[in-house]
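Everything below belongs to final_19.csv, which stores CSV, C-alpha atoms and all ligand atoms.
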chain,number,residue,atom,x,y,z
N,1,MET,CA,115.8,95.7,104.8
N,2,GLU,CA,116.5,92.1,105.8
N,3,PRO,CA,113.5,89.7,105.4
N,4,SER,CA,112.2,88.9,108.9
N,5,HIS,CA,111.4,85.2,108.6
N,6,SER,CA,113.6,82.6,110.1
N,7,SER,CA,116.3,81.1,107.9
N,8,ASP,CA,115.8,77.4,108.7
N,9,GLN,CA,112.8,77.0,106.5
N,10,GLY,CA,114.5,75.8,103.4
N,11,ASP,CA,115.1,77.0,99.9
N,12,SER,CA,111.5,76.7,98.7
N,13,LEU,CA,110.3,79.1,101.4
N,14,GLU,CA,113.3,81.4,100.8
N,15,SER,CA,112.1,81.8,97.3
N,16,GLU,CA,108.7,82.8,98.5
N,17,CYS,CA,110.2,85.8,100.4
N,18,CYS,CA,109.2,89.2,98.9
N,19,GLY,CA,112.3,90.8,100.4
N,20,ASN,CA,110.4,93.7,101.9
N,21,GLY,CA,111.2,92.8,105.5
N,22,CYS,CA,107.5,92.8,106.3
N,23,ALA,CA,106.7,93.1,110.0
N,24,ASN,CA,104.4,90.1,109.7
N,25,CYS,CA,106.0,87.7,107.3
N,26,ILE,CA,103.6,85.1,105.9
N,27,LEU,CA,106.4,82.6,106.2
N,28,ASP,CA,106.5,83.0,109.9
N,29,ASN,CA,102.8,83.5,110.7
N,30,LYS,CA,100.2,81.1,109.8
N,31,PRO,CA,97.1,83.2,109.0
N,32,LYS,CA,94.5,82.9,111.7
N,33,PRO,CA,90.9,82.8,110.4
N,34,SER,CA,88.7,85.8,111.4
N,35,ARG,CA,85.9,85.1,113.8
N,36,ARG,CA,83.5,85.5,110.9
N,37,ALA,CA,85.4,82.9,108.9
N,38,GLN,CA,85.4,80.5,111.9
N,39,LEU,CA,81.6,80.9,112.3
N,40,SER,CA,81.0,80.3,108.6
N,41,GLY,CA,83.0,77.1,108.7
N,42,GLN,CA,83.8,77.6,105.0
N,43,PRO,CA,87.3,77.4,103.5
N,44,ASN,CA,89.1,80.7,102.7
N,45,VAL,CA,90.0,80.7,99.0
N,46,ILE,CA,93.1,82.8,99.4
N,47,LEU,CA,95.1,80.6,101.9
N,48,ASP,CA,97.1,79.3,99.0
N,49,TYR,CA,97.8,81.2,95.8
N,50,ALA,CA,94.5,81.6,94.1
N,51,ASP,CA,93.4,83.2,90.8
N,52,PHE,CA,91.7,86.6,90.9
N,53,ARG,CA,90.4,88.4,87.8
N,54,LEU,CA,90.7,92.1,87.4
N,55,VAL,CA,87.1,93.5,87.1
N,56,HIS,CA,87.8,97.2,87.4
N,57,LYS,CA,90.8,99.5,87.0
N,58,GLU,CA,90.7,103.3,87.6
N,59,ALA,CA,93.2,106.1,87.9
N,60,LEU,CA,92.3,107.9,91.1
N,61,MET,CA,91.7,111.6,91.2
N,62,GLY,CA,93.1,112.0,87.7
N,63,ASP,CA,96.5,110.6,88.7
N,64,ASP,CA,97.6,107.8,86.4
N,65,LYS,CA,100.2,106.8,89.0
N,66,VAL,CA,97.6,105.9,91.6
N,67,LEU,CA,95.4,103.0,90.5
N,68,LEU,CA,92.3,101.5,92.2
N,69,LEU,CA,92.2,97.8,91.2
N,70,HIS,CA,89.2,95.6,91.9
N,71,PHE,CA,89.7,91.8,91.8
N,72,ALA,CA,87.2,88.9,91.9
N,73,TYR,CA,87.9,85.3,92.6
N,74,ALA,CA,88.3,83.7,89.2
N,75,VAL,CA,87.5,80.1,89.9
N,76,GLY,CA,83.8,79.5,90.4
N,77,SER,CA,83.2,82.8,92.1
N,78,ASP,CA,79.5,81.8,92.1
N,79,LYS,CA,80.3,78.8,94.3
N,80,ASP,CA,78.9,79.4,97.8
N,81,ASP,CA,80.9,76.8,99.7
N,82,CYS,CA,83.9,79.1,100.3
N,83,ILE,CA,84.6,82.6,101.4
N,84,LEU,CA,87.3,85.3,101.0
N,85,ASP,CA,88.6,86.3,104.5
N,86,ILE,CA,91.0,89.2,104.6
N,87,PRO,CA,90.5,90.9,108.0
N,88,PRO,CA,91.2,94.6,108.5
N,89,GLY,CA,94.9,95.4,108.9
N,90,HIS,CA,96.0,92.3,106.9
N,91,HIS,CA,97.6,92.3,103.5
N,92,VAL,CA,97.9,89.8,100.6
N,93,MET,CA,100.9,88.7,98.5
N,94,LEU,CA,100.8,89.2,94.7
N,95,ARG,CA,102.8,86.7,92.7
N,96,ILE,CA,103.7,87.2,89.0
N,97,GLY,CA,106.3,84.5,88.1
N,98,SER,CA,109.0,84.9,90.7
N,99,LEU,CA,108.1,88.5,91.5
N,100,LEU,CA,106.3,88.9,94.9
N,101,ARG,CA,104.9,92.1,96.4
N,102,PRO,CA,102.5,92.7,99.3
N,103,TYR,CA,99.4,94.8,98.9
N,104,SER,CA,96.8,95.9,101.5
N,105,PRO,CA,93.1,95.6,100.5
N,106,PHE,CA,90.9,98.5,101.6
N,107,TRP,CA,87.6,96.7,100.8
N,108,THR,CA,86.7,93.0,100.8
N,109,ASP,CA,83.5,91.2,100.0
N,110,PHE,CA,83.5,88.1,102.1
N,111,VAL,CA,80.7,86.2,100.2
N,112,ARG,CA,81.4,87.4,96.6
N,113,LYS,CA,85.1,86.8,97.1
N,114,GLU,CA,86.2,90.2,95.8
N,115,PHE,CA,88.7,92.8,97.0
N,116,LYS,CA,90.1,96.2,96.1
N,117,ILE,CA,93.5,97.7,96.5
N,118,LEU,CA,94.9,101.1,95.9
N,119,VAL,CA,98.3,101.1,94.3
N,120,LYS,CA,100.9,103.8,93.9
N,121,LEU,CA,103.0,103.0,90.8
N,122,VAL,CA,106.7,103.4,91.5
N,123,LEU,CA,109.0,104.6,88.7
N,124,ASP,CA,111.0,101.6,87.3
N,125,GLY,CA,109.4,99.2,89.8
N,126,PRO,CA,108.9,95.8,88.2
N,127,MET,CA,105.5,95.1,89.8
N,128,SER,CA,104.4,98.7,89.1
N,129,GLN,CA,105.1,98.0,85.4
N,130,HIS,CA,102.9,94.9,85.5
N,131,LEU,CA,100.1,96.6,87.2
N,132,ALA,CA,100.2,99.6,84.9
N,133,ASP,CA,99.8,97.3,81.9
N,134,LEU,CA,96.9,95.3,83.4
N,135,HIS,CA,93.7,94.9,81.4
N,136,ILE,CA,90.2,94.0,82.5
N,137,ASP,CA,89.8,90.2,82.8
N,138,ASP,CA,93.6,89.6,83.3
N,139,VAL,CA,94.1,87.0,86.0
N,140,LEU,CA,96.6,87.4,88.9
N,141,GLN,CA,97.6,85.2,91.8
N,142,PHE,CA,97.2,86.3,95.4
N,143,ARG,CA,97.8,84.6,98.7
N,144,GLY,CA,97.0,85.7,102.3
N,145,PRO,CA,95.8,87.0,104.6
N,146,ILE,CA,99.0,88.2,106.3
N,147,GLY,CA,99.1,90.2,109.5
N,148,SER,CA,98.7,90.0,113.2
N,149,TYR,CA,96.4,92.9,114.0
N,150,LEU,CA,93.3,91.8,115.8
N,151,HIS,CA,90.7,94.2,117.2
N,152,ASP,CA,88.8,93.1,120.3
N,153,ALA,CA,85.7,95.2,120.5
N,154,LYS,CA,85.1,94.1,124.1
N,155,ILE,CA,88.2,96.2,125.3
N,156,ALA,CA,87.7,99.9,124.7
N,157,LYS,CA,90.8,101.5,123.3
N,158,TYR,CA,92.1,104.8,122.1
N,159,ILE,CA,93.2,103.9,118.6
N,160,ILE,CA,95.6,106.4,116.9
N,161,ILE,CA,96.0,105.7,113.2
N,162,ILE,CA,98.7,107.5,111.4
N,163,ALA,CA,98.6,107.1,107.7
N,164,GLN,CA,100.7,108.4,104.8
N,165,GLY,CA,99.2,109.0,101.3
N,166,VAL,CA,97.9,105.9,99.5
N,167,ALA,CA,98.5,103.9,102.7
N,168,THR,CA,95.3,105.6,104.1
N,169,ALA,CA,93.5,102.9,102.1
N,170,PRO,CA,94.1,99.9,104.4
N,171,THR,CA,93.2,102.0,107.4
N,172,ILE,CA,89.7,102.5,106.1
N,173,PRO,CA,88.5,99.0,107.1
N,174,LEU,CA,90.1,99.4,110.5
N,175,VAL,CA,87.9,102.5,111.2
N,176,GLU,CA,84.8,100.8,109.7
N,177,GLU,CA,85.3,97.8,112.0
N,178,VAL,CA,85.0,100.1,115.1
N,179,LEU,CA,82.3,102.5,113.9
N,180,ASP,CA,80.1,99.8,112.5
N,181,ASN,CA,79.8,98.1,115.9
N,182,GLU,CA,77.5,100.1,118.2
N,183,ASP,CA,78.8,98.2,121.2
N,184,ASP,CA,82.4,99.2,120.5
N,185,MET,CA,83.4,102.0,122.9
N,186,SER,CA,86.8,102.6,121.4
N,187,ARG,CA,87.7,106.0,120.1
N,188,ILE,CA,89.7,106.7,116.9
N,189,CYS,CA,92.0,109.5,116.1
N,190,HIS,CA,92.8,109.3,112.4
N,191,ILE,CA,96.0,111.3,111.4
N,192,VAL,CA,96.4,111.5,107.6
N,193,CYS,CA,99.7,112.9,106.2
N,194,ALA,CA,99.7,114.0,102.6
N,195,ARG,CA,101.5,116.6,100.4
N,196,ASP,CA,98.3,118.6,100.0
N,197,MET,CA,94.6,118.2,99.7
N,198,ASN,CA,94.9,116.7,96.2
N,199,HIS,CA,96.7,113.8,97.7
N,200,VAL,CA,94.2,113.0,100.4
N,201,TYR,CA,92.6,109.8,99.3
N,202,PHE,CA,89.1,108.7,100.6
N,203,ARG,CA,88.4,112.3,101.7
N,204,ASP,CA,84.6,111.7,101.4
N,205,ARG,CA,84.8,108.5,103.5
N,206,LEU,CA,86.8,110.4,106.2
N,207,LEU,CA,84.0,113.0,106.3
N,208,GLU,CA,81.4,110.3,106.7
N,209,PHE,CA,83.4,108.8,109.6
N,210,ALA,CA,83.5,112.3,111.2
N,211,THR,CA,79.7,112.1,111.9
N,212,TYR,CA,80.4,109.4,114.5
N,213,TRP,CA,80.8,110.4,118.2
N,214,ASN,CA,84.0,108.3,118.6
N,215,TYR,CA,85.9,109.4,115.5
N,216,GLN,CA,88.1,112.5,114.8
N,217,SER,CA,90.6,113.1,112.1
N,218,CYS,CA,93.2,115.6,111.3
N,219,LEU,CA,95.0,116.2,107.9
N,220,TYR,CA,98.6,117.2,107.8
N,221,LEU,CA,99.3,119.0,104.5
N,222,PRO,CA,102.7,120.7,104.6
N,223,HIS,CA,102.6,121.6,100.9
N,224,GLN,CA,99.0,122.9,100.6
N,225,GLN,CA,99.1,126.0,98.5
N,226,CYS,CA,96.3,128.2,97.2
N,227,ASP,CA,96.4,130.6,94.3
N,228,THR,CA,96.8,133.8,96.4
N,229,ILE,CA,100.0,135.8,95.9
N,230,VAL,CA,100.9,135.6,99.6
N,231,CYS,CA,100.7,131.8,99.8
N,232,GLN,CA,102.4,131.4,96.4
N,233,GLU,CA,105.3,133.5,97.6
N,234,LYS,CA,105.5,131.6,100.8
N,235,GLY,CA,105.4,128.2,99.0
N,236,HIS,CA,102.5,127.0,101.1
N,237,CYS,CA,99.3,128.3,102.7
N,238,SER,CA,99.5,129.8,106.2
N,239,GLN,CA,97.4,128.1,108.9
N,240,ASP,CA,95.0,131.0,108.9
N,241,CYS,CA,94.7,131.2,105.1
N,242,ASP,CA,91.1,132.2,104.1
N,243,GLU,CA,91.2,130.0,101.0
N,244,LEU,CA,92.3,127.0,103.0
N,245,ARG,CA,89.5,127.6,105.6
N,246,LYS,CA,86.9,127.9,102.7
N,247,SER,CA,88.1,124.7,101.1
N,248,LEU,CA,87.6,122.7,104.3
N,249,ARG,CA,84.3,120.8,104.8
N,250,TYR,CA,82.2,120.5,107.9
N,251,ARG,CA,84.2,118.9,110.8
N,252,GLU,CA,87.3,118.7,108.6
N,253,ARG,CA,90.6,119.8,110.3
N,254,ALA,CA,93.8,120.5,108.4
N,255,LYS,CA,97.2,121.6,109.6
N,256,ILE,CA,99.8,123.1,107.2
N,257,GLN,CA,102.8,121.4,108.7
N,258,ARG,CA,104.3,118.0,109.1
N,259,PHE,CA,103.0,115.8,111.9
N,260,ASP,CA,105.4,115.9,114.9
N,261,VAL,CA,105.7,114.9,118.5
N,262,HIS,CA,104.0,118.1,119.7
N,263,GLN,CA,101.0,117.4,117.5
N,264,LEU,CA,100.8,113.8,118.8
N,265,ASP,CA,100.9,115.1,122.4
N,266,VAL,CA,98.1,117.5,121.6
N,267,HIS,CA,95.9,114.7,120.2
N,268,VAL,CA,96.6,112.4,123.1
N,269,SER,CA,96.0,115.1,125.8
N,270,SER,CA,92.2,114.8,125.0
N,271,ILE,CA,92.3,111.0,125.7
N,272,ASN,CA,90.2,109.4,128.4
N,273,LYS,CA,93.2,108.1,130.4
N,274,GLU,CA,91.3,104.8,131.1
N,275,LEU,CA,91.4,103.8,127.5
N,276,LEU,CA,94.3,101.6,126.3
N,277,PRO,CA,96.3,103.5,123.7
N,278,ILE,CA,97.0,101.7,120.4
N,279,ILE,CA,99.1,103.1,117.6
N,280,ILE,CA,98.7,101.9,114.0
N,281,ILE,CA,101.2,103.2,111.4
N,282,ALA,CA,100.5,102.8,107.7
N,283,GLY,CA,103.0,104.0,105.2
N,284,ASP,CA,106.3,103.0,103.6
N,285,SER,CA,109.2,101.9,105.8
N,286,SER,CA,110.8,105.4,106.1
N,287,PHE,CA,107.5,106.8,107.2
N,288,GLN,CA,107.0,104.0,109.7
N,289,GLN,CA,110.5,104.6,111.2
N,290,SER,CA,110.0,108.4,111.5
N,291,ILE,CA,106.5,107.9,113.1
N,292,LYS,CA,107.9,105.3,115.5
N,293,LYS,CA,110.5,107.9,116.7
N,294,ILE,CA,107.8,110.5,117.2
N,295,VAL,CA,105.8,107.9,119.3
N,296,ALA,CA,108.9,107.1,121.3
N,297,ALA,CA,109.4,110.8,122.1
N,298,ALA,CA,105.8,111.5,123.1
N,299,GLU,CA,104.9,112.2,126.7
N,300,PHE,CA,102.5,109.3,127.0
N,301,PRO,CA,103.7,105.7,127.1
N,302,VAL,CA,102.7,103.1,124.6
N,303,PHE,CA,103.8,99.5,124.9
N,304,GLU,CA,105.8,98.2,122.0
N,305,GLU,CA,103.2,95.4,121.5
N,306,ASN,CA,100.5,98.0,121.1
N,307,ILE,CA,102.2,99.6,118.1
N,308,TYR,CA,101.2,98.0,114.8
N,309,LEU,CA,102.9,98.6,111.4
N,310,LEU,CA,100.7,98.0,108.4
N,401,LIG,C1,103.0,95.1,104.1
N,401,LIG,C2,103.0,95.9,102.8
N,401,LIG,C3,101.9,96.3,102.2
N,401,LIG,C4,101.9,97.1,101.0
N,401,LIG,N1,100.7,97.5,100.5
N,401,LIG,C5,100.7,98.3,99.4
N,401,LIG,C6,99.5,98.8,98.8
N,401,LIG,O1,98.4,98.5,99.3
N,401,LIG,N2,99.6,99.7,97.8
N,401,LIG,C7,100.8,100.0,97.2
N,401,LIG,O2,100.9,100.8,96.3
N,401,LIG,N3,102.0,99.5,97.7
N,401,LIG,C8,102.0,98.7,98.8
N,401,LIG,N4,103.1,98.2,99.3
N,401,LIG,C9,104.4,98.4,98.4
N,401,LIG,C10,104.4,97.3,97.3
N,401,LIG,O3,104.5,96.0,97.9
N,401,LIG,C11,105.5,97.5,96.3
N,401,LIG,O4,106.7,97.7,97.0
N,401,LIG,C12,105.2,98.6,95.3
N,401,LIG,O5,104.0,98.4,94.6
N,401,LIG,C13,106.4,98.8,94.4
N,401,LIG,O6,106.7,97.6,93.8
N,401,LIG,P1,107.6,97.5,92.5
N,401,LIG,O7,108.0,96.1,92.2
N,401,LIG,O8,107.0,98.3,91.3
N,401,LIG,O9,108.9,98.4,92.9
N,401,LIG,P2,110.0,97.9,93.9
N,401,LIG,O10,111.1,97.1,93.3
N,401,LIG,O11,109.4,97.4,95.1
N,401,LIG,O12,110.6,99.4,94.3
N,401,LIG,C14,111.3,100.2,93.3
N,401,LIG,C15,111.9,101.3,94.1
N,401,LIG,O13,110.9,102.2,94.6
N,401,LIG,C16,111.0,102.3,96.1
N,401,LIG,N5,109.6,102.2,96.6
N,401,LIG,C17,108.8,101.1,96.6
N,401,LIG,N6,107.6,101.4,97.1
N,401,LIG,C18,107.6,102.7,97.4
N,401,LIG,C19,106.7,103.7,97.9
N,401,LIG,N7,105.5,103.3,98.3
N,401,LIG,N8,107.1,105.0,98.0
N,401,LIG,C20,108.3,105.3,97.7
N,401,LIG,N9,109.2,104.5,97.2
N,401,LIG,C21,108.9,103.2,97.0
N,401,LIG,C22,111.8,101.1,96.5
N,401,LIG,O14,112.5,101.4,97.7
N,401,LIG,C23,112.7,100.9,95.3
N,401,LIG,O15,113.8,101.8,95.4
N,401,LIG,C24,103.1,97.4,100.4
N,401,LIG,C25,104.3,97.0,101.0
N,401,LIG,C26,104.3,96.3,102.2
N,401,LIG,C27,105.6,95.9,102.9

Using structure tokens, write down the structure that the file contains.
Amino acid sequence: MEPSHSSDQGDSLESECCGNGCANCILDNKPKPSRRAQLSGQPNVILDYADFRLVHKEALMGDDKVLLLHFAYAVGSDKDDCILDIPPGHHVMLRIGSLLRPYSPFWTDFVRKEFKILVKLVLDGPMSQHLADLHIDDVLQFRGPIGSYLHDAKIAKYIIIIAQGVATAPTIPLVEEVLDNEDDMSRICHIVCARDMNHVYFRDRLLEFATYWNYQSCLYLPHQQCDTIVCQEKGHCSQDCDELRKSLRYRERAKIQRFDVHQLDVHVSSINKELLPIIIIAGDSSFQQSIKKIVAAAEFPVFEENIYLL
């Protein structure tokens, strides 16, 4: 995909382009400080490339291709005259030499200047190779925040978040932002698309969210398969499979199919029509394109400016 930033910015900026065609290119959008950062009046350490030290690295759910990486600001992290501001829905750019790749933090500590990302390693990917080889205390350079998503808690909305696999990670702070604010009357419908239950990340967190009045989720698991002969022969569980039902936790809903326009219409039919619908799509570019087509074919209208790609 073509990079989205304008071409009149000179060679130095051209070389800063990661080539991903990001919906919100850092070269076009000056990061706006969050309200919290404005109130603090302190500088954001990540506005220019800054050093962050790896403090924890973990393969998630036994899969060594999915890494949870925890970084802490490397220069004077005990200094209290600066902050780390990466608002929900924003990403950061990782630079190693001339190699640039964006990553979306799912957790940030504003005061301690730390953040975590979930990374799916790609076969033969140059950045994936670097990240696979990382050791604790290695220092990497990140810059940001990049993005345009801004949630105004004063306007109640119906927020439909549609996430794919590891891209569920950056949707977690979006949900927390709404649920942590008792005055926020927005409702969230969290759609999580994964191969099967073993590829649903943050499952426990989703179950905690489900205890809130204004949150509901649904998992779409087309390849979920239990050990019974019937489901093994079929290649996947049926929707009324007993094993599947037993594996689900309290208030957990799962569909053995791909998410489609009919499913979107079903979720939307329960909306309070006075709420402004917002769609947030988190996944790789082919996922984003297929979900955008589903949204365009749905019965309810969503303005283009209310569709956000993470
Ligand atoms: C805004 C934004 C945020 C992102 N946030 C994250 C994040 O939080 N975690 C994360 O793991 N990745 C994220 N990515 C993807 C990430 O930037 C890199 O593309 C990825 O880590 C692979 O980099 P690489 O250099 O190893 O391989 P690349 O050279 O980028 O890719 C190698 C090959 O794999 C394909 N590929 C790349 N990524 C994927 C994928 N996810 N699924 C399937 N095929 C793929 C490419 O098309 C290419 O053919 C994000 C991308 C964008 C645009």

Exercise. Nearest to ligand LIG 401 (chain N): which of N:Phe52, N:Phe287, N:Phe300, N:Phe142 is it, counting all atoms listed in the file?
Worked result: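 Of the candidates, the smallest distance to ligand LIG 401 (chain N) is held by N:Phe287.
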
For this session: Return as a PyMOL selection string every polymer residue, whether protein, DNA or RNA, with at least one atom no more than 8 Å from an atom of ligand LIG 401 (chain N); count only C-alpha atoms and all ligand atoms.
Result: chain N and resi 20-24+66+91-92+99-106+117-130+166-167+169-170+283-285+310

For this session: For Leu275 of chain N, work out the shell of residues within 9 Å, counting all atoms listed in the file and skipping chain neighbours fewer than 2 positions away, then give it as a PyMOL selection string.
Result: chain N and resi 155-158+186-187+271-273+277

Exercise. Which is closer to Asn306 of chain N than all the others in N:Leu221, N:Ile161, N:Ala194, N:Leu248, using all atoms listed in the file?
Worked result: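 Looking only at the distances to Asn306 of chain N, the closest residue turns out to be N:Ile161.
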
Exercise. So, counting only C-alpha atoms, which residue among N:Leu60, N:Ile280, N:Ile136, N:Leu68 is closest to Leu150 of chain N?
Worked result: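 Closest residue, counting only C-alpha atoms: N:Ile280.
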
For this session: Considering all atoms listed in the file, return as a PyMOL selection string whatever protein or nucleic-acid residues lie within 12 Å of Pro173 of chain N, sequence-local ones (same chain, fewer than 6 positions apart) excluded.
Result: chain N and resi 86-91+104-109+115-117+151+161+167+179-180+202+205-206+209

Store the residues picked out above, limited to C-alpha atoms, as a tab-separated table (two decimals), in the coordinates of the input.
chain	number	residue	atom	x	y	z
N	86	ILE	CA	91.00	89.20	104.60
N	87	PRO	CA	90.50	90.90	108.00
N	88	PRO	CA	91.20	94.60	108.50
N	89	GLY	CA	94.90	95.40	108.90
N	90	HIS	CA	96.00	92.30	106.90
N	91	HIS	CA	97.60	92.30	103.50
N	104	SER	CA	96.80	95.90	101.50
N	105	PRO	CA	93.10	95.60	100.50
N	106	PHE	CA	90.90	98.50	101.60
N	107	TRP	CA	87.60	96.70	100.80
N	108	THR	CA	86.70	93.00	100.80
N	109	ASP	CA	83.50	91.20	100.00
N	115	PHE	CA	88.70	92.80	97.00
N	116	LYS	CA	90.10	96.20	96.10
N	117	ILE	CA	93.50	97.70	96.50
N	151	HIS	CA	90.70	94.20	117.20
N	161	ILE	CA	96.00	105.70	113.20
N	167	ALA	CA	98.50	103.90	102.70
N	179	LEU	CA	82.30	102.50	113.90
N	180	ASP	CA	80.10	99.80	112.50
N	202	PHE	CA	89.10	108.70	100.60
N	205	ARG	CA	84.80	108.50	103.50
N	206	LEU	CA	86.80	110.40	106.20
N	209	PHE	CA	83.40	108.80	109.60

Exercise. Atom CA of Gln239 of chain N and atom CA of Gln224 of chain N are how many Å apart?
Worked result: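 Computed distance, atom CA of Gln239 of chain N to atom CA of Gln224 of chain N, equals 9.9 Å.
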
Exercise. Which neighbours of Met197 of chain N fall inside 10 Å, counting all atoms listed in the file, when residues of the same chain fewer than 6 positions from it are skipped, and could you give them as a list in words?
Worked result: Arg203, Leu219, Tyr220, Leu221, Pro222, His223, Gln224, Gln225, Leu244, Ser247, Leu248 and Ala254 of chain N

Exercise. Suppose you want the space between atom CA of Arg53 of chain N and atom CA of Val200 of chain N; what is it in Å?
Worked result: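 Straight-line distance from atom CA of Arg53 of chain N to atom CA of Val200 of chain N works out to 27.9 Å.
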
For this session: Mind checking which residues fall within 12 Å of segment 41-50 of chain N, counting only C-alpha atoms, ignoring those fewer than 2 positions away in the same chain, and posting them as number ranges by chain?
Result: N: 16, 26, 30-39, 52-53, 71-77, 79-87, 91-97, 100, 110-115, 139-146

Kindly export the residues of the current selection with C-alpha atoms, as a PDB file, in the frame of the given file.
ATOM      1  CA  GLU N  16     108.700  82.800  98.500  1.00  0.00           C
ATOM      2  CA  ILE N  26     103.600  85.100 105.900  1.00  0.00           C
ATOM      3  CA  LYS N  30     100.200  81.100 109.800  1.00  0.00           C
ATOM      4  CA  PRO N  31      97.100  83.200 109.000  1.00  0.00           C
ATOM      5  CA  LYS N  32      94.500  82.900 111.700  1.00  0.00           C
ATOM      6  CA  PRO N  33      90.900  82.800 110.400  1.00  0.00           C
ATOM      7  CA  SER N  34      88.700  85.800 111.400  1.00  0.00           C
ATOM      8  CA  ARG N  35      85.900  85.100 113.800  1.00  0.00           C
ATOM      9  CA  ARG N  36      83.500  85.500 110.900  1.00  0.00           C
ATOM     10  CA  ALA N  37      85.400  82.900 108.900  1.00  0.00           C
ATOM     11  CA  GLN N  38      85.400  80.500 111.900  1.00  0.00           C
ATOM     12  CA  LEU N  39      81.600  80.900 112.300  1.00  0.00           C
ATOM     13  CA  PHE N  52      91.700  86.600  90.900  1.00  0.00           C
ATOM     14  CA  ARG N  53      90.400  88.400  87.800  1.00  0.00           C
ATOM     15  CA  PHE N  71      89.700  91.800  91.800  1.00  0.00           C
ATOM     16  CA  ALA N  72      87.200  88.900  91.900  1.00  0.00           C
ATOM     17  CA  TYR N  73      87.900  85.300  92.600  1.00  0.00           C
ATOM     18  CA  ALA N  74      88.300  83.700  89.200  1.00  0.00           C
ATOM     19  CA  VAL N  75      87.500  80.100  89.900  1.00  0.00           C
ATOM     20  CA  GLY N  76      83.800  79.500  90.400  1.00  0.00           C
ATOM     21  CA  SER N  77      83.200  82.800  92.100  1.00  0.00           C
ATOM     22  CA  LYS N  79      80.300  78.800  94.300  1.00  0.00           C
ATOM     23  CA  ASP N  80      78.900  79.400  97.800  1.00  0.00           C
ATOM     24  CA  ASP N  81      80.900  76.800  99.700  1.00  0.00           C
ATOM     25  CA  CYS N  82      83.900  79.100 100.300  1.00  0.00           C
ATOM     26  CA  ILE N  83      84.600  82.600 101.400  1.00  0.00           C
ATOM     27  CA  LEU N  84      87.300  85.300 101.000  1.00  0.00           C
ATOM     28  CA  ASP N  85      88.600  86.300 104.500  1.00  0.00           C
ATOM     29  CA  ILE N  86      91.000  89.200 104.600  1.00  0.00           C
ATOM     30  CA  PRO N  87      90.500  90.900 108.000  1.00  0.00           C
ATOM     31  CA  HIS N  91      97.600  92.300 103.500  1.00  0.00           C
ATOM     32  CA  VAL N  92      97.900  89.800 100.600  1.00  0.00           C
ATOM     33  CA  MET N  93     100.900  88.700  98.500  1.00  0.00           C
ATOM     34  CA  LEU N  94     100.800  89.200  94.700  1.00  0.00           C
ATOM     35  CA  ARG N  95     102.800  86.700  92.700  1.00  0.00           C
ATOM     36  CA  ILE N  96     103.700  87.200  89.000  1.00  0.00           C
ATOM     37  CA  GLY N  97     106.300  84.500  88.100  1.00  0.00           C
ATOM     38  CA  LEU N 100     106.300  88.900  94.900  1.00  0.00           C
ATOM     39  CA  PHE N 110      83.500  88.100 102.100  1.00  0.00           C
ATOM     40  CA  VAL N 111      80.700  86.200 100.200  1.00  0.00           C
ATOM     41  CA  ARG N 112      81.400  87.400  96.600  1.00  0.00           C
ATOM     42  CA  LYS N 113      85.100  86.800  97.100  1.00  0.00           C
ATOM     43  CA  GLU N 114      86.200  90.200  95.800  1.00  0.00           C
ATOM     44  CA  PHE N 115      88.700  92.800  97.000  1.00  0.00           C
ATOM     45  CA  VAL N 139      94.100  87.000  86.000  1.00  0.00           C
ATOM     46  CA  LEU N 140      96.600  87.400  88.900  1.00  0.00           C
ATOM     47  CA  GLN N 141      97.600  85.200  91.800  1.00  0.00           C
ATOM     48  CA  PHE N 142      97.200  86.300  95.400  1.00  0.00           C
ATOM     49  CA  ARG N 143      97.800  84.600  98.700  1.00  0.00           C
ATOM     50  CA  GLY N 144      97.000  85.700 102.300  1.00  0.00           C
ATOM     51  CA  PRO N 145      95.800  87.000 104.600  1.00  0.00           C
ATOM     52  CA  ILE N 146      99.000  88.200 106.300  1.00  0.00           C
TER      53      ILE N 146
END

Exercise. With all atoms listed in the file as the atoms that count, which of N:Val175, N:Ile278, N:Glu243, N:Asp133 lies nearest to Ile307 of chain N?
Worked result: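 Checking each candidate against Ile307 of chain N, we get N:Ile278 as the closest.
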